[in-house]
Each structure stands twice: as C-alpha cells, then as structure tokens.
>>> print(open('model.cif').read())   # mmCIF, N, CA and C atoms
data_entry
#
loop_
_atom_site.label_atom_id
_atom_site.label_comp_id
_atom_site.auth_asym_id
_atom_site.auth_seq_id
_atom_site.Cartn_x
_atom_site.Cartn_y
_atom_site.Cartn_z
N MET Y 1 -30.31 4.90 -5.15
CA MET Y 1 -28.97 5.46 -5.20
C MET Y 1 -27.96 4.32 -5.31
N LYS Y 2 -26.99 4.51 -6.16
CA LYS Y 2 -25.96 3.50 -6.40
C LYS Y 2 -24.96 3.47 -5.25
N ASN Y 3 -24.52 2.26 -4.88
CA ASN Y 3 -23.52 2.12 -3.83
C ASN Y 3 -22.18 2.69 -4.27
N LYS Y 4 -21.54 3.38 -3.36
CA LYS Y 4 -20.20 3.91 -3.58
C LYS Y 4 -19.21 2.87 -3.04
N LYS Y 5 -18.25 2.47 -3.86
CA LYS Y 5 -17.24 1.51 -3.43
C LYS Y 5 -16.18 2.23 -2.61
N VAL Y 6 -15.91 1.69 -1.43
CA VAL Y 6 -14.95 2.29 -0.52
C VAL Y 6 -13.94 1.22 -0.11
N THR Y 7 -12.66 1.51 -0.33
CA THR Y 7 -11.61 0.58 0.08
C THR Y 7 -11.31 0.80 1.55
N VAL Y 8 -11.48 -0.27 2.32
CA VAL Y 8 -11.23 -0.24 3.76
C VAL Y 8 -9.94 -1.00 4.04
N ILE Y 9 -9.05 -0.37 4.77
CA ILE Y 9 -7.78 -0.98 5.15
C ILE Y 9 -7.99 -1.70 6.48
N ILE Y 10 -7.61 -2.97 6.52
CA ILE Y 10 -7.64 -3.76 7.75
C ILE Y 10 -6.20 -3.98 8.18
N GLU Y 11 -5.88 -3.54 9.39
CA GLU Y 11 -4.51 -3.67 9.89
C GLU Y 11 -4.50 -4.25 11.29
N ALA Y 12 -3.49 -5.08 11.54
CA ALA Y 12 -3.28 -5.64 12.87
C ALA Y 12 -2.51 -4.63 13.72
N SER Y 13 -2.82 -4.62 15.02
CA SER Y 13 -2.05 -3.83 15.97
C SER Y 13 -1.67 -4.75 17.12
N SER Y 14 -0.99 -4.24 18.10
CA SER Y 14 -0.58 -5.09 19.23
C SER Y 14 -1.77 -5.47 20.10
N THR Y 15 -2.89 -4.77 19.96
CA THR Y 15 -4.05 -5.06 20.82
C THR Y 15 -5.28 -5.53 20.06
N GLY Y 16 -5.22 -5.58 18.73
CA GLY Y 16 -6.39 -6.01 17.96
C GLY Y 16 -6.25 -5.61 16.51
N PHE Y 17 -7.37 -5.20 15.92
CA PHE Y 17 -7.39 -4.88 14.50
C PHE Y 17 -8.14 -3.58 14.27
N GLY Y 18 -7.62 -2.80 13.34
CA GLY Y 18 -8.26 -1.53 12.98
C GLY Y 18 -8.80 -1.59 11.57
N ALA Y 19 -9.82 -0.78 11.31
CA ALA Y 19 -10.42 -0.67 9.98
C ALA Y 19 -10.64 0.82 9.71
N TYR Y 20 -10.14 1.28 8.57
CA TYR Y 20 -10.32 2.68 8.21
C TYR Y 20 -10.29 2.83 6.70
N ALA Y 21 -10.79 3.94 6.23
CA ALA Y 21 -10.81 4.23 4.80
C ALA Y 21 -10.48 5.71 4.60
N GLU Y 22 -9.60 6.00 3.67
CA GLU Y 22 -9.28 7.40 3.37
C GLU Y 22 -10.52 8.14 2.91
N ALA Y 23 -11.45 7.43 2.28
CA ALA Y 23 -12.67 8.05 1.77
C ALA Y 23 -13.68 8.38 2.88
N LEU Y 24 -13.41 7.92 4.11
CA LEU Y 24 -14.30 8.17 5.24
C LEU Y 24 -13.51 8.86 6.36
N PRO Y 25 -13.11 10.11 6.17
CA PRO Y 25 -12.26 10.77 7.16
C PRO Y 25 -12.91 10.84 8.54
N GLY Y 26 -12.12 10.44 9.55
CA GLY Y 26 -12.60 10.51 10.92
C GLY Y 26 -13.44 9.34 11.38
N ILE Y 27 -13.72 8.42 10.48
CA ILE Y 27 -14.54 7.25 10.83
C ILE Y 27 -13.64 6.02 10.81
N THR Y 28 -13.57 5.35 11.95
CA THR Y 28 -12.71 4.17 12.05
C THR Y 28 -13.44 3.07 12.81
N GLY Y 29 -12.88 1.88 12.72
CA GLY Y 29 -13.41 0.75 13.49
C GLY Y 29 -12.27 0.03 14.18
N TYR Y 30 -12.58 -0.64 15.27
CA TYR Y 30 -11.58 -1.39 16.01
C TYR Y 30 -12.24 -2.63 16.60
N GLY Y 31 -11.48 -3.71 16.71
CA GLY Y 31 -11.99 -4.92 17.34
C GLY Y 31 -10.86 -5.85 17.71
N VAL Y 32 -11.16 -6.81 18.57
CA VAL Y 32 -10.14 -7.79 18.95
C VAL Y 32 -9.89 -8.78 17.82
N ASN Y 33 -10.81 -8.82 16.84
CA ASN Y 33 -10.59 -9.63 15.64
C ASN Y 33 -11.07 -8.82 14.43
N VAL Y 34 -10.81 -9.34 13.26
CA VAL Y 34 -11.12 -8.61 12.03
C VAL Y 34 -12.63 -8.37 11.91
N GLN Y 35 -13.41 -9.39 12.20
CA GLN Y 35 -14.87 -9.27 12.07
C GLN Y 35 -15.41 -8.15 12.94
N GLN Y 36 -14.91 -8.05 14.16
CA GLN Y 36 -15.37 -6.98 15.06
C GLN Y 36 -14.95 -5.60 14.55
N ALA Y 37 -13.75 -5.50 13.99
CA ALA Y 37 -13.29 -4.22 13.44
C ALA Y 37 -14.17 -3.78 12.27
N LYS Y 38 -14.53 -4.73 11.41
CA LYS Y 38 -15.41 -4.41 10.29
C LYS Y 38 -16.77 -3.92 10.79
N LYS Y 39 -17.33 -4.64 11.76
CA LYS Y 39 -18.64 -4.27 12.29
C LYS Y 39 -18.58 -2.92 12.98
N ASP Y 40 -17.51 -2.66 13.71
CA ASP Y 40 -17.36 -1.38 14.40
C ASP Y 40 -17.30 -0.23 13.40
N LEU Y 41 -16.63 -0.43 12.28
CA LEU Y 41 -16.58 0.59 11.24
C LEU Y 41 -17.98 0.84 10.68
N GLN Y 42 -18.71 -0.22 10.38
CA GLN Y 42 -20.07 -0.07 9.85
C GLN Y 42 -20.96 0.64 10.87
N ASP Y 43 -20.82 0.27 12.14
CA ASP Y 43 -21.61 0.92 13.20
C ASP Y 43 -21.27 2.41 13.29
N ALA Y 44 -19.99 2.75 13.10
CA ALA Y 44 -19.58 4.16 13.16
C ALA Y 44 -20.21 4.96 12.02
N VAL Y 45 -20.25 4.38 10.84
CA VAL Y 45 -20.90 5.05 9.70
C VAL Y 45 -22.37 5.29 10.01
N HIS Y 46 -23.05 4.26 10.53
CA HIS Y 46 -24.48 4.40 10.86
C HIS Y 46 -24.70 5.45 11.95
N ALA Y 47 -23.78 5.50 12.92
CA ALA Y 47 -23.91 6.49 14.00
C ALA Y 47 -23.81 7.91 13.45
N VAL Y 48 -22.89 8.14 12.52
CA VAL Y 48 -22.76 9.47 11.92
C VAL Y 48 -24.05 9.82 11.16
N LEU Y 49 -24.58 8.87 10.42
CA LEU Y 49 -25.83 9.11 9.67
C LEU Y 49 -26.99 9.39 10.62
N GLU Y 50 -27.04 8.69 11.76
CA GLU Y 50 -28.11 8.92 12.74
C GLU Y 50 -28.02 10.32 13.34
N VAL Y 51 -26.81 10.79 13.60
CA VAL Y 51 -26.64 12.15 14.13
C VAL Y 51 -27.18 13.17 13.12
N HIS Y 52 -26.85 12.98 11.86
CA HIS Y 52 -27.37 13.90 10.84
C HIS Y 52 -28.90 13.83 10.77
N ALA Y 53 -29.45 12.64 10.87
CA ALA Y 53 -30.91 12.49 10.82
C ALA Y 53 -31.57 13.21 12.01
N ARG Y 54 -31.00 13.05 13.20
CA ARG Y 54 -31.56 13.71 14.39
C ARG Y 54 -31.48 15.22 14.28
N ARG Y 55 -30.37 15.70 13.73
CA ARG Y 55 -30.17 17.15 13.60
C ARG Y 55 -30.85 17.73 12.36
N LYS Y 56 -31.39 16.82 11.55
CA LYS Y 56 -32.03 17.23 10.30
C LYS Y 56 -31.04 18.00 9.41
N THR Y 57 -29.82 17.48 9.35
CA THR Y 57 -28.78 18.06 8.49
C THR Y 57 -28.40 17.03 7.43
N SER Y 58 -27.82 17.50 6.37
CA SER Y 58 -27.39 16.59 5.29
C SER Y 58 -26.02 16.00 5.64
N PRO Y 59 -25.89 14.68 5.46
CA PRO Y 59 -24.59 14.08 5.69
C PRO Y 59 -23.58 14.52 4.63
N GLU Y 60 -22.32 14.39 4.96
CA GLU Y 60 -21.26 14.73 4.02
C GLU Y 60 -21.45 13.93 2.74
N PRO Y 61 -21.15 14.52 1.58
CA PRO Y 61 -21.36 13.81 0.31
C PRO Y 61 -20.61 12.48 0.22
N TRP Y 62 -19.44 12.41 0.84
CA TRP Y 62 -18.66 11.18 0.76
C TRP Y 62 -19.31 10.02 1.50
N LEU Y 63 -20.32 10.29 2.33
CA LEU Y 63 -21.05 9.20 2.99
C LEU Y 63 -22.09 8.58 2.06
N ASN Y 64 -22.39 9.27 0.95
CA ASN Y 64 -23.32 8.74 -0.05
C ASN Y 64 -24.63 8.24 0.58
N ASN Y 65 -25.08 8.97 1.61
CA ASN Y 65 -26.31 8.61 2.35
C ASN Y 65 -26.28 7.18 2.87
N GLY Y 66 -25.07 6.67 3.15
CA GLY Y 66 -24.95 5.32 3.70
C GLY Y 66 -24.93 4.22 2.67
N HIS Y 67 -25.04 4.58 1.41
CA HIS Y 67 -25.01 3.58 0.34
C HIS Y 67 -23.56 3.30 -0.03
N LEU Y 68 -22.93 2.48 0.80
CA LEU Y 68 -21.51 2.18 0.65
C LEU Y 68 -21.30 0.68 0.48
N GLU Y 69 -20.36 0.34 -0.36
CA GLU Y 69 -19.95 -1.06 -0.52
C GLU Y 69 -18.48 -1.11 -0.14
N PHE Y 70 -18.17 -1.86 0.92
CA PHE Y 70 -16.80 -1.93 1.40
C PHE Y 70 -16.01 -3.01 0.67
N ILE Y 71 -14.82 -2.64 0.24
CA ILE Y 71 -13.86 -3.57 -0.34
C ILE Y 71 -12.69 -3.58 0.62
N TYR Y 72 -12.34 -4.76 1.12
CA TYR Y 72 -11.35 -4.85 2.19
C TYR Y 72 -9.96 -5.17 1.67
N LYS Y 73 -9.01 -4.37 2.15
CA LYS Y 73 -7.60 -4.56 1.82
C LYS Y 73 -6.90 -4.90 3.14
N TYR Y 74 -6.28 -6.08 3.18
CA TYR Y 74 -5.68 -6.59 4.41
C TYR Y 74 -4.16 -6.45 4.40
N ASP Y 75 -3.58 -6.28 5.60
CA ASP Y 75 -2.16 -6.54 5.72
C ASP Y 75 -2.02 -8.06 5.93
N MET Y 76 -0.82 -8.58 5.81
CA MET Y 76 -0.64 -10.05 5.85
C MET Y 76 -1.10 -10.66 7.17
N ILE Y 77 -0.79 -10.00 8.27
CA ILE Y 77 -1.18 -10.54 9.58
C ILE Y 77 -2.70 -10.65 9.67
N SER Y 78 -3.39 -9.60 9.28
CA SER Y 78 -4.86 -9.59 9.34
C SER Y 78 -5.47 -10.60 8.39
N LEU Y 79 -4.88 -10.74 7.21
CA LEU Y 79 -5.38 -11.70 6.23
C LEU Y 79 -5.40 -13.11 6.80
N PHE Y 80 -4.27 -13.53 7.35
CA PHE Y 80 -4.18 -14.89 7.86
C PHE Y 80 -4.93 -15.09 9.17
N GLU Y 81 -5.13 -14.01 9.93
CA GLU Y 81 -5.95 -14.13 11.14
C GLU Y 81 -7.41 -14.31 10.74
N HIS Y 82 -7.86 -13.52 9.80
CA HIS Y 82 -9.27 -13.57 9.41
C HIS Y 82 -9.61 -14.85 8.65
N PHE Y 83 -8.69 -15.29 7.82
CA PHE Y 83 -8.89 -16.52 7.05
C PHE Y 83 -8.00 -17.61 7.63
N GLY Y 84 -8.23 -17.92 8.90
CA GLY Y 84 -7.39 -18.88 9.63
C GLY Y 84 -7.40 -20.28 9.06
N MET Y 85 -8.36 -20.59 8.20
CA MET Y 85 -8.41 -21.91 7.61
C MET Y 85 -7.35 -22.10 6.53
N LEU Y 86 -6.69 -21.02 6.14
CA LEU Y 86 -5.64 -21.13 5.13
C LEU Y 86 -4.39 -21.73 5.76
N ASP Y 87 -3.93 -22.81 5.20
CA ASP Y 87 -2.70 -23.44 5.66
C ASP Y 87 -1.54 -22.77 4.94
N VAL Y 88 -0.70 -22.11 5.69
CA VAL Y 88 0.37 -21.29 5.11
C VAL Y 88 1.32 -22.14 4.27
N THR Y 89 1.70 -23.30 4.79
CA THR Y 89 2.65 -24.15 4.07
C THR Y 89 2.08 -24.60 2.73
N ASN Y 90 0.85 -25.08 2.74
CA ASN Y 90 0.25 -25.56 1.50
C ASN Y 90 -0.04 -24.42 0.52
N LEU Y 91 -0.44 -23.27 1.04
CA LEU Y 91 -0.65 -22.12 0.15
C LEU Y 91 0.67 -21.72 -0.50
N ALA Y 92 1.73 -21.68 0.29
CA ALA Y 92 3.04 -21.31 -0.25
C ALA Y 92 3.46 -22.28 -1.36
N LYS Y 93 3.29 -23.56 -1.12
CA LYS Y 93 3.65 -24.56 -2.14
C LYS Y 93 2.80 -24.37 -3.40
N ARG Y 94 1.53 -24.08 -3.21
CA ARG Y 94 0.61 -23.91 -4.34
C ARG Y 94 1.03 -22.75 -5.24
N ILE Y 95 1.54 -21.67 -4.63
CA ILE Y 95 1.89 -20.49 -5.42
C ILE Y 95 3.39 -20.42 -5.73
N GLY Y 96 4.13 -21.45 -5.33
CA GLY Y 96 5.56 -21.50 -5.64
C GLY Y 96 6.40 -20.54 -4.81
N LEU Y 97 6.01 -20.39 -3.55
CA LEU Y 97 6.72 -19.49 -2.64
C LEU Y 97 7.33 -20.32 -1.52
N ASN Y 98 8.45 -19.90 -1.01
CA ASN Y 98 9.08 -20.59 0.11
C ASN Y 98 8.14 -20.53 1.32
N PRO Y 99 7.75 -21.68 1.88
CA PRO Y 99 6.82 -21.67 3.03
C PRO Y 99 7.34 -20.86 4.22
N SER Y 100 8.64 -20.93 4.46
CA SER Y 100 9.21 -20.18 5.58
C SER Y 100 9.04 -18.67 5.36
N LEU Y 101 9.21 -18.23 4.13
CA LEU Y 101 9.05 -16.81 3.81
C LEU Y 101 7.60 -16.37 4.01
N LEU Y 102 6.65 -17.19 3.58
CA LEU Y 102 5.24 -16.84 3.76
C LEU Y 102 4.89 -16.79 5.25
N ARG Y 103 5.47 -17.69 6.05
CA ARG Y 103 5.23 -17.65 7.50
C ARG Y 103 5.80 -16.36 8.09
N GLN Y 104 6.93 -15.88 7.56
CA GLN Y 104 7.50 -14.62 8.04
C GLN Y 104 6.59 -13.45 7.68
N TYR Y 105 6.00 -13.49 6.49
CA TYR Y 105 5.03 -12.45 6.11
C TYR Y 105 3.83 -12.50 7.05
N LYS Y 106 3.36 -13.71 7.32
CA LYS Y 106 2.18 -13.90 8.16
C LYS Y 106 2.41 -13.35 9.57
N SER Y 107 3.59 -13.56 10.10
CA SER Y 107 3.88 -13.14 11.47
C SER Y 107 4.34 -11.70 11.57
N GLY Y 108 4.61 -11.06 10.44
CA GLY Y 108 5.06 -9.68 10.45
C GLY Y 108 6.55 -9.52 10.67
N LEU Y 109 7.30 -10.63 10.61
CA LEU Y 109 8.75 -10.55 10.78
C LEU Y 109 9.43 -9.87 9.61
N THR Y 110 8.84 -10.02 8.43
CA THR Y 110 9.33 -9.34 7.23
C THR Y 110 8.12 -8.97 6.39
N PHE Y 111 8.31 -8.07 5.46
CA PHE Y 111 7.20 -7.58 4.66
C PHE Y 111 7.37 -7.97 3.19
N ALA Y 112 6.26 -8.33 2.59
CA ALA Y 112 6.27 -8.75 1.19
C ALA Y 112 6.42 -7.52 0.28
N SER Y 113 7.18 -7.70 -0.78
CA SER Y 113 7.28 -6.66 -1.80
C SER Y 113 5.95 -6.60 -2.55
N ASP Y 114 5.77 -5.56 -3.33
CA ASP Y 114 4.54 -5.45 -4.12
C ASP Y 114 4.41 -6.64 -5.07
N LYS Y 115 5.53 -7.08 -5.63
CA LYS Y 115 5.51 -8.23 -6.54
C LYS Y 115 5.07 -9.50 -5.81
N GLN Y 116 5.59 -9.70 -4.60
CA GLN Y 116 5.20 -10.87 -3.81
C GLN Y 116 3.73 -10.79 -3.40
N LYS Y 117 3.28 -9.59 -3.04
CA LYS Y 117 1.87 -9.41 -2.67
C LYS Y 117 0.97 -9.80 -3.84
N GLN Y 118 1.34 -9.38 -5.04
CA GLN Y 118 0.54 -9.71 -6.23
C GLN Y 118 0.55 -11.22 -6.48
N ARG Y 119 1.67 -11.85 -6.24
CA ARG Y 119 1.77 -13.30 -6.41
C ARG Y 119 0.85 -14.03 -5.43
N ILE Y 120 0.86 -13.59 -4.18
CA ILE Y 120 0.00 -14.19 -3.15
C ILE Y 120 -1.47 -13.92 -3.49
N LEU Y 121 -1.78 -12.69 -3.86
CA LEU Y 121 -3.16 -12.34 -4.21
C LEU Y 121 -3.66 -13.17 -5.39
N LYS Y 122 -2.83 -13.31 -6.40
CA LYS Y 122 -3.21 -14.11 -7.57
C LYS Y 122 -3.49 -15.56 -7.14
N GLY Y 123 -2.63 -16.11 -6.29
CA GLY Y 123 -2.84 -17.48 -5.80
C GLY Y 123 -4.13 -17.62 -5.01
N LEU Y 124 -4.43 -16.63 -4.16
CA LEU Y 124 -5.67 -16.66 -3.39
C LEU Y 124 -6.89 -16.58 -4.29
N HIS Y 125 -6.83 -15.72 -5.31
CA HIS Y 125 -7.95 -15.58 -6.24
C HIS Y 125 -8.14 -16.86 -7.05
N GLU Y 126 -7.05 -17.48 -7.47
CA GLU Y 126 -7.16 -18.75 -8.19
C GLU Y 126 -7.78 -19.83 -7.30
N LEU Y 127 -7.38 -19.86 -6.04
CA LEU Y 127 -7.98 -20.81 -5.10
C LEU Y 127 -9.47 -20.53 -4.95
N GLY Y 128 -9.84 -19.26 -4.82
CA GLY Y 128 -11.25 -18.90 -4.70
C GLY Y 128 -12.06 -19.32 -5.91
N GLU Y 129 -11.50 -19.12 -7.10
CA GLU Y 129 -12.19 -19.52 -8.33
C GLU Y 129 -12.35 -21.03 -8.39
N GLU Y 130 -11.34 -21.76 -7.97
CA GLU Y 130 -11.43 -23.22 -7.95
C GLU Y 130 -12.50 -23.68 -6.96
N LEU Y 131 -12.54 -23.05 -5.80
CA LEU Y 131 -13.54 -23.42 -4.80
C LEU Y 131 -14.97 -23.12 -5.30
N LEU Y 132 -15.13 -22.07 -6.08
CA LEU Y 132 -16.45 -21.76 -6.62
C LEU Y 132 -16.96 -22.84 -7.57
N ARG Y 133 -16.06 -23.60 -8.14
CA ARG Y 133 -16.45 -24.67 -9.07
C ARG Y 133 -16.70 -26.00 -8.37
N VAL Y 134 -16.48 -26.07 -7.07
CA VAL Y 134 -16.68 -27.31 -6.31
C VAL Y 134 -18.16 -27.61 -6.15
N ARG Y 135 -18.52 -28.86 -6.30
CA ARG Y 135 -19.90 -29.33 -6.06
C ARG Y 135 -19.83 -30.52 -5.12
N LEU Y 136 -20.74 -30.59 -4.19
CA LEU Y 136 -20.81 -31.71 -3.24
C LEU Y 136 -22.08 -32.49 -3.44
#
>>> encode(input="model.cif", output="structure tokens")
Amino acid sequence: MKNKKVTVIIEASSTGFGAYAEALPGITGYGVNVQQAKKDLQDAVHAVLEVHARRKTSPEPWLNNGHLEFIYKYDMISLFEHFGMLDVTNLAKRIGLNPSLLRQYKSGLTFASDKQKQRILKGLHELGEELLRVRL
C-alpha cells in the first residue's frame, strides 16, 4: 500500500508544542519539545490502529492502515526551537532580511506575511541544498 502524505502542523504553546493534522481528525500529539510532539502524534496513530485491531474492526479510510508519510509545517517559534543550530542573524543576512525582524518572528512578537514566509522558506531550502553538496 502506498503511503498517504499528511501535512502535520507543529505549533508552539505556552507549555510546549502541539502536532495535529486536519487529515487525522481527533488525533493529536503534544510534547515539551517538537520531537516529543511528533512522536506523541505517531504513537496516537498507532494506538488508534491497535484499538481497531483488537476490536477486529476496519480503521477509518483516512488512516490508510497506518501507511502515512508526515510532512511537517512549522510556525516560526517551533521552527527555530527544533532547528536550534540555525543562527538567526546569519540566516537573516543570507536571505536579505533584517535580523531584528527575523528575531521578532522567532520570538512570536510579530508574524511574517505569506511573502516573508516564502522568502524564509526559500532561503532554508537553498541552505539545505548547499549542505547536501558538502563533502568532508
């Protein structure tokens, strides 16, 4: 069976991080960090599948029998928490953004427009592509 791609939203809260997907109604994850929230969501999916297996019932079609591939969409706070190795000042300079503004996005003091989000995403993807070409 082919994996179903599911977009998972990762969001920061005052007490940790949440993970949810519109395609998985009622199934959520939570953790004190992003990694724990992701794992909690995966565990929740497996728990639902186990209940169906025990009851000998068919899982909901949107669960695709557990054949899911998660694609993660982050808010700015969660992005920089999870990828803490990113230096905000240097990333801002690399993509031609005011470092102070990127720090405000990172801290949640202000929110990036869709255009700014695309600019940051493009810069991150370019950095990722460059890193893939590195040899040691």
>>> residues_around(input="model.cif", residues="Glu11 in chain Y", least_positions_apart="2", cutoff="7 Å", atoms="all atoms listed in the file", output="number ranges by chain")
Y: 9, 13, 16-20, 73-75, 77-78
>>> write_last_selection(input="model.cif", atoms="N, CA and C atoms", output="PDB file, keeping the file's coordinate frame")
ATOM      1  N   ILE Y   9      -9.050  -0.370   4.770  1.00  0.00           N
ATOM      2  CA  ILE Y   9      -7.780  -0.980   5.150  1.00  0.00           C
ATOM      3  C   ILE Y   9      -7.990  -1.700   6.480  1.00  0.00           C
ATOM      4  N   SER Y  13      -2.820  -4.620  15.020  1.00  0.00           N
ATOM      5  CA  SER Y  13      -2.050  -3.830  15.970  1.00  0.00           C
ATOM      6  C   SER Y  13      -1.670  -4.750  17.120  1.00  0.00           C
ATOM      7  N   GLY Y  16      -5.220  -5.580  18.730  1.00  0.00           N
ATOM      8  CA  GLY Y  16      -6.390  -6.010  17.960  1.00  0.00           C
ATOM      9  C   GLY Y  16      -6.250  -5.610  16.510  1.00  0.00           C
ATOM     10  N   PHE Y  17      -7.370  -5.200  15.920  1.00  0.00           N
ATOM     11  CA  PHE Y  17      -7.390  -4.880  14.500  1.00  0.00           C
ATOM     12  C   PHE Y  17      -8.140  -3.580  14.270  1.00  0.00           C
ATOM     13  N   GLY Y  18      -7.620  -2.800  13.340  1.00  0.00           N
ATOM     14  CA  GLY Y  18      -8.260  -1.530  12.980  1.00  0.00           C
ATOM     15  C   GLY Y  18      -8.800  -1.590  11.570  1.00  0.00           C
ATOM     16  N   ALA Y  19      -9.820  -0.780  11.310  1.00  0.00           N
ATOM     17  CA  ALA Y  19     -10.420  -0.670   9.980  1.00  0.00           C
ATOM     18  C   ALA Y  19     -10.640   0.820   9.710  1.00  0.00           C
ATOM     19  N   TYR Y  20     -10.140   1.280   8.570  1.00  0.00           N
ATOM     20  CA  TYR Y  20     -10.320   2.680   8.210  1.00  0.00           C
ATOM     21  C   TYR Y  20     -10.290   2.830   6.700  1.00  0.00           C
ATOM     22  N   LYS Y  73      -9.010  -4.370   2.150  1.00  0.00           N
ATOM     23  CA  LYS Y  73      -7.600  -4.560   1.820  1.00  0.00           C
ATOM     24  C   LYS Y  73      -6.900  -4.900   3.140  1.00  0.00           C
ATOM     25  N   TYR Y  74      -6.280  -6.080   3.180  1.00  0.00           N
ATOM     26  CA  TYR Y  74      -5.680  -6.590   4.410  1.00  0.00           C
ATOM     27  C   TYR Y  74      -4.160  -6.450   4.400  1.00  0.00           C
ATOM     28  N   ASP Y  75      -3.580  -6.280   5.600  1.00  0.00           N
ATOM     29  CA  ASP Y  75      -2.160  -6.540   5.720  1.00  0.00           C
ATOM     30  C   ASP Y  75      -2.020  -8.060   5.930  1.00  0.00           C
ATOM     31  N   ILE Y  77      -0.790 -10.000   8.270  1.00  0.00           N
ATOM     32  CA  ILE Y  77      -1.180 -10.540   9.580  1.00  0.00           C
ATOM     33  C   ILE Y  77      -2.700 -10.650   9.670  1.00  0.00           C
ATOM     34  N   SER Y  78      -3.390  -9.600   9.280  1.00  0.00           N
ATOM     35  CA  SER Y  78      -4.860  -9.590   9.340  1.00  0.00           C
ATOM     36  C   SER Y  78      -5.470 -10.600   8.390  1.00  0.00           C
TER      37      SER Y  78
END
>>> residues_around(input="model.cif", residues="range 80-95 of chain Y", least_positions_apart="4", cutoff="8 Å", atoms="only C-alpha atoms", output="ChimeraX atom specification")
/Y:33-35,76,99-100,102-103,106,119-120,123
>>> residues_near_point(input="model.cif", point="(-16.9, -0.8, 4.4)", cutoff="8 Å", atoms="only N, CA and C atoms", output="tab-separated table (two decimals) with N, CA and C atoms, keeping the file's coordinate frame")
chain	number	residue	atom	x	y	z
Y	5	LYS	N	-18.25	2.47	-3.86
Y	5	LYS	CA	-17.24	1.51	-3.43
Y	5	LYS	C	-16.18	2.23	-2.61
Y	6	VAL	N	-15.91	1.69	-1.43
Y	6	VAL	CA	-14.95	2.29	-0.52
Y	6	VAL	C	-13.94	1.22	-0.11
Y	7	THR	N	-12.66	1.51	-0.33
Y	7	THR	CA	-11.61	0.58	0.08
Y	7	THR	C	-11.31	0.80	1.55
Y	8	VAL	N	-11.48	-0.27	2.32
Y	8	VAL	CA	-11.23	-0.24	3.76
Y	8	VAL	C	-9.94	-1.00	4.04
Y	9	ILE	N	-9.05	-0.37	4.77
Y	9	ILE	CA	-7.78	-0.98	5.15
Y	9	ILE	C	-7.99	-1.70	6.48
Y	20	TYR	N	-10.14	1.28	8.57
Y	20	TYR	CA	-10.32	2.68	8.21
Y	20	TYR	C	-10.29	2.83	6.70
Y	21	ALA	N	-10.79	3.94	6.23
Y	21	ALA	CA	-10.81	4.23	4.80
Y	21	ALA	C	-10.48	5.71	4.60
Y	38	LYS	N	-14.53	-4.73	11.41
Y	38	LYS	CA	-15.41	-4.41	10.29
Y	38	LYS	C	-16.77	-3.92	10.79
Y	41	LEU	N	-16.63	-0.43	12.28
Y	41	LEU	CA	-16.58	0.59	11.24
Y	41	LEU	C	-17.98	0.84	10.68
Y	42	GLN	N	-18.71	-0.22	10.38
Y	42	GLN	CA	-20.07	-0.07	9.85
Y	42	GLN	C	-20.96	0.64	10.87
Y	68	LEU	N	-22.93	2.48	0.80
Y	68	LEU	CA	-21.51	2.18	0.65
Y	68	LEU	C	-21.30	0.68	0.48
Y	69	GLU	N	-20.36	0.34	-0.36
Y	69	GLU	CA	-19.95	-1.06	-0.52
Y	69	GLU	C	-18.48	-1.11	-0.14
Y	70	PHE	N	-18.17	-1.86	0.92
Y	70	PHE	CA	-16.80	-1.93	1.40
Y	70	PHE	C	-16.01	-3.01	0.67
Y	71	ILE	N	-14.82	-2.64	0.24
Y	71	ILE	CA	-13.86	-3.57	-0.34
Y	71	ILE	C	-12.69	-3.58	0.62
Y	72	TYR	N	-12.34	-4.76	1.12
Y	72	TYR	CA	-11.35	-4.85	2.19
Y	72	TYR	C	-9.96	-5.17	1.67
>>> atom_distance(input="model.cif", atom1="atom C of Thr57 in chain Y", atom2="atom C of Thr28 in chain Y")
21.2 Å
>>> atom_distance(input="model.cif", atom1="CA of Tyr105 in chain Y", atom2="CA of Ala23 in chain Y")
27.4 Å
>>> axis_aligned_box(input="model.cif", around="range 122-125 of chain Y", padding_each_side="6 Å", output="AutoDock Vina command-line options")
--center_x -5.4 --center_y -15.5 --center_z -5.5 --size_x 17.5 --size_y 16.3 --size_z 16.2
>>> resolve_selection(input="model.cif", expression="the PyMOL selection byres ((chain Y and resi 1) around 8)", output="VMD selection string")
chain Y and resid 2 to 4 64 67
>>> select_by_dssp(input="model.cif", residues="range 49-109 of chain Y", states="strand (DSSP E or B)", output="list in words")
Leu68, Glu69, Phe70, Ile71, Tyr72, Lys73 and Tyr74 of chain Y
>>> write_last_selection(input="model.cif", atoms="N, CA and C atoms", output="PDB file, in the frame of the given file")
ATOM      1  N   LEU Y  68     -22.930   2.480   0.800  1.00  0.00           N
ATOM      2  CA  LEU Y  68     -21.510   2.180   0.650  1.00  0.00           C
ATOM      3  C   LEU Y  68     -21.300   0.680   0.480  1.00  0.00           C
ATOM      4  N   GLU Y  69     -20.360   0.340  -0.360  1.00  0.00           N
ATOM      5  CA  GLU Y  69     -19.950  -1.060  -0.520  1.00  0.00           C
ATOM      6  C   GLU Y  69     -18.480  -1.110  -0.140  1.00  0.00           C
ATOM      7  N   PHE Y  70     -18.170  -1.860   0.920  1.00  0.00           N
ATOM      8  CA  PHE Y  70     -16.800  -1.930   1.400  1.00  0.00           C
ATOM      9  C   PHE Y  70     -16.010  -3.010   0.670  1.00  0.00           C
ATOM     10  N   ILE Y  71     -14.820  -2.640   0.240  1.00  0.00           N
ATOM     11  CA  ILE Y  71     -13.860  -3.570  -0.340  1.00  0.00           C
ATOM     12  C   ILE Y  71     -12.690  -3.580   0.620  1.00  0.00           C
ATOM     13  N   TYR Y  72     -12.340  -4.760   1.120  1.00  0.00           N
ATOM     14  CA  TYR Y  72     -11.350  -4.850   2.190  1.00  0.00           C
ATOM     15  C   TYR Y  72      -9.960  -5.170   1.670  1.00  0.00           C
ATOM     16  N   LYS Y  73      -9.010  -4.370   2.150  1.00  0.00           N
ATOM     17  CA  LYS Y  73      -7.600  -4.560   1.820  1.00  0.00           C
ATOM     18  C   LYS Y  73      -6.900  -4.900   3.140  1.00  0.00           C
ATOM     19  N   TYR Y  74      -6.280  -6.080   3.180  1.00  0.00           N
ATOM     20  CA  TYR Y  74      -5.680  -6.590   4.410  1.00  0.00           C
ATOM     21  C   TYR Y  74      -4.160  -6.450   4.400  1.00  0.00           C
TER      22      TYR Y  74
END
>>> atom_distance(input="model.cif", atom1="CA of Val48 in chain Y", atom2="CA of Glu60 in chain Y")
9.6 Å
>>> select_by_dssp(input="model.cif", residues="range 5-135 of chain Y", states="alpha helix (DSSP H)", output="JSON, numbers by chain")
{"Y": [34, 35, 36, 37, 38, 39, 40, 41, 42, 43, 44, 45, 46, 47, 48, 49, 50, 51, 52, 53, 54, 55, 76, 77, 78, 79, 80, 81, 82, 88, 89, 90, 91, 92, 93, 94, 95, 99, 100, 101, 102, 103, 104, 105, 106, 107, 114, 115, 116, 117, 118, 119, 120, 121, 122, 123, 124, 125, 126, 127, 128, 129, 130, 131, 132]}
